[in-house]
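Reading through the structure tokens given below for one structure.
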Amino acid sequence: MATMEKEVTYKDNNIILRGILNINNSDNKTIAVICHARYSSKNSRPTVKIAEKLNENNINNFRFDFVACGESSGDYKDYTITNMLSNIHTTLSMLKEKYNFENFILIGCSLGARIVSLVDYKRFNIVKLVLWYGAFNYKTSILPSKKEKIAKKQGYYEIEKDKKLSYEYFSDEKKYNAVNKLKSWNIDKIFIHGDKDQFVKVNSSVKISKKSPNSRLVIIRNGNHGFHNDENMEKALKETINFLNY
């Protein structure tokens, strides 16, 4: 059947979330949910490429904007790990209750990979995890980072123009440990990471995948953060589809 694409607007508490639903097989009760990178959006190159490849392979999928990103509401003060985790839980509940999906594949890019790793899998039937260049734990030291110190002094740290992390963001993220969660999460996972990643070292995925049960690791040669090279992007997409179809 042809892909049925639909724009979806829904609420998570006082935050308005917006996403795009692609139904390729209405009889299949499994759907892949794609989560974008930090301060990115559902229309970023990686998330769109993933959705297109899923459509080509007849896999239902949904991608959405986290709080304060893309077309969703909120500002930098709302942008926290706690709120993003709430966003995805609300998204899964919405897809389950409104569209009758029963099984979920979670696909996360960079910070999105950390968020999907923290999902309450006891509430939802998560069948597979796809983790692209995952930014799981940024720091292990209990001492505040340079960015956190700046945020404490002026109320925020500016990543780039119009993109800020509040001081609360840094204190909030310390509540969560995606690495420990992945170690205990006994479902099939694939880690896909470029060996030339300039933001998150590939060693992160190498180490975590070894300690996480039922994990597969794919290293993309000369791949950077975001797989900007078309050939590397195609390799990552091919590995993703092979994993989902296995």
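Letters A, B, ... mark the chains of the structure tokens in the order given; residue numbers begin at 1 per chain; ligand numbers begin at 1, in order shown.
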Residues of range 89-151 of chain A that have any atom at most 6 Å from an atom of range 31-35 of chain A: could you tabulate them with the shortest-distance atom pair and the distance in Å to one decimal, using only C-alpha atoms, ordered by chain and increasing number, as a Markdown table?
| residue | atom | partner | partner_atom | distance |
| --- | --- | --- | --- | --- |
| A:Phe104 | CA | A:Ile31 | CA | 5.2 |
| A:Ile105 | CA | A:Ala32 | CA | 4.4 |
| A:Leu106 | CA | A:Val33 | CA | 5.1 |
| A:Ile107 | CA | A:Ile34 | CA | 4.7 |
| A:Gly108 | CA | A:Cys35 | CA | 4.7 |
| A:Gly112 | CA | A:Cys35 | CA | 4.9 |
Selection export as a CSV table (one decimal), in the first residue's frame, atoms kept: C-alpha atoms:
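Output contents, as saved in out15.csv:
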chain,number,residue,atom,x,y,z
A,104,PHE,CA,7.5,-0.1,19.3
A,105,ILE,CA,10.9,0.2,17.8
A,106,LEU,CA,12.9,3.1,19.2
A,107,ILE,CA,15.4,4.9,17.0
A,108,GLY,CA,17.6,7.7,18.5
A,112,GLY,CA,17.9,11.2,21.0
| query | When DSSP works through the backbone of this structure, what residues of range 10-184 of chain A end up as helix (DSSP H, G or I), shown as a ChimeraX atom specification? | reply | /A:45-56,81-99,111-117,146-154,167-173,178-184
| task | Could you please determine the separation between CA of Val130 in chain A and CA of Glu160 in chain A in Å, to one decimal place? | result | 27.8 Å
| Sel. of strand (DSSP E or B) residues, chain A, as a PyMOL selection string | chain A and resi 4-12+15-23+30-35+61-64+103-109+126-132+156-160+163-166+188-194+215-220
| Contact residues around range 197-199 of chain A with only C-alpha atoms at 8 Å, ignoring same-chain residues under 6 positions, as a list of chain:residue names | A:Tyr133, A:Gly223, A:Asn224, A:His225
| field | Selected residue of minimal separation from Glu97 in chain A among A:Arg114, A:Phe124, A:Lys164, A:Val48, counting only C-alpha atoms | value | A:Phe124
| query | So how far away is CA of Phe66 in chain A from CA of Asn100 in chain A, in Å? | reply |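 Result for CA of Asn100 in chain A versus CA of Phe66 in chain A: 22.2 Å, one decimal.
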Tell me, as a compact mmCIF listing (two decimals) with C-alpha atoms, in the first residue's frame, which residues lie within 12 Å of Ala113 in chain A, counting only C-alpha atoms; anything in the same chain fewer than 6 positions away does not count.
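Result went into selection07.txt, see below:
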# COMPACT_ATOMS: atom_id res chain seq x y z
CA VAL A 33 9.57 6.10 16.64
CA ILE A 34 12.47 8.34 15.57
CA CYS A 35 14.03 10.78 18.05
CA HIS A 36 16.24 13.60 16.79
CA ALA A 37 19.51 14.95 18.15
CA ARG A 38 20.02 17.81 20.60
CA ILE A 81 16.06 15.41 29.97
CA MET A 84 12.11 15.06 26.79
CA LEU A 85 11.59 11.71 28.50
CA ILE A 88 8.48 10.31 24.36
CA LEU A 106 12.88 3.15 19.16
CA ILE A 107 15.44 4.94 16.98
CA VAL A 119 12.28 4.90 28.25
CA LEU A 129 16.54 -0.22 19.90
CA VAL A 130 18.51 1.57 17.16
CA LEU A 131 21.18 3.92 18.51
CA TRP A 132 22.92 6.25 16.03
CA TYR A 133 26.10 7.95 17.35
CA GLY A 134 24.62 7.89 20.84
CA ALA A 135 25.49 10.69 23.26
CA PHE A 136 24.72 8.67 26.39
CA ASN A 137 26.58 10.25 29.31
CA ALA A 178 21.46 5.70 30.16
CA VAL A 179 24.51 3.45 30.27
CA LEU A 182 21.26 -0.21 28.58
CA LYS A 189 19.99 -3.30 20.09
CA ILE A 190 22.23 -1.94 17.37
CA PHE A 191 24.85 0.76 17.92
CA ILE A 192 25.87 2.58 14.73
CA HIS A 193 28.72 5.07 15.03
CA VAL A 200 30.93 11.82 20.50
CA SER A 205 29.48 2.99 21.59
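With only C-alpha atoms taken into account, the protein and nucleic acid residues at most 9 Å from Tyr156 in chain A (excluding it and anything under 3 positions from it in its own chain) are Tyr76, Lys77, Lys147, Glu148, Ile150, Ala151, Lys152, Lys153, Lys164, Leu165, Ser166, Tyr167, Glu168 and Tyr169 of chain A.
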Write the residues of the selection above to a file with N, CA and C atoms, as a compact mmCIF listing (two decimals), in the first residue's frame.
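Once everything was written out, this is again-v8.txt:
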# COMPACT_ATOMS: atom_id res chain seq x y z
N TYR A 76 14.00 27.39 26.14
CA TYR A 76 15.18 26.68 26.66
C TYR A 76 15.03 26.27 28.13
N LYS A 77 14.19 26.98 28.87
CA LYS A 77 13.98 26.61 30.27
C LYS A 77 13.21 25.30 30.40
N LYS A 147 30.87 24.30 30.95
CA LYS A 147 29.57 24.76 30.45
C LYS A 147 28.60 25.00 31.60
N GLU A 148 28.61 24.07 32.55
CA GLU A 148 27.70 24.20 33.70
C GLU A 148 28.05 25.42 34.54
N ILE A 150 29.38 28.18 33.48
CA ILE A 150 28.90 29.36 32.74
C ILE A 150 27.39 29.51 32.91
N ALA A 151 26.67 28.37 32.81
CA ALA A 151 25.21 28.40 32.96
C ALA A 151 24.80 28.86 34.34
N LYS A 152 25.56 28.45 35.35
CA LYS A 152 25.24 28.87 36.71
C LYS A 152 25.43 30.37 36.88
N LYS A 153 26.46 30.89 36.23
CA LYS A 153 26.78 32.31 36.36
C LYS A 153 25.78 33.21 35.66
N LYS A 164 20.09 27.52 23.71
CA LYS A 164 20.65 27.63 25.05
C LYS A 164 20.32 26.41 25.89
N LEU A 165 21.21 26.11 26.84
CA LEU A 165 20.95 25.11 27.86
C LEU A 165 20.87 25.85 29.19
N SER A 166 19.76 25.69 29.90
CA SER A 166 19.61 26.36 31.19
C SER A 166 20.50 25.70 32.25
N TYR A 167 20.72 26.39 33.34
CA TYR A 167 21.47 25.80 34.44
C TYR A 167 20.75 24.56 34.95
N GLU A 168 19.41 24.60 34.94
CA GLU A 168 18.61 23.46 35.39
C GLU A 168 18.83 22.23 34.52
N TYR A 169 19.15 22.45 33.24
CA TYR A 169 19.41 21.31 32.35
C TYR A 169 20.54 20.46 32.90
| field | All residues 8 Å or closer to range 16-21 of chain A, only C-alpha atoms, same chain fewer than 5 positions away omitted, as a ChimeraX atom specification | value | /A:4-11,42,60-67,71-74,87
| field | Spatial neighbours of Asp188 in chain A, 8 Å, only C-alpha atoms, chain gap at least 5 places, as a list in words | value | Val127, Lys128, Leu129, Pro213, Asn214, Ser215 and Arg216 of chain A
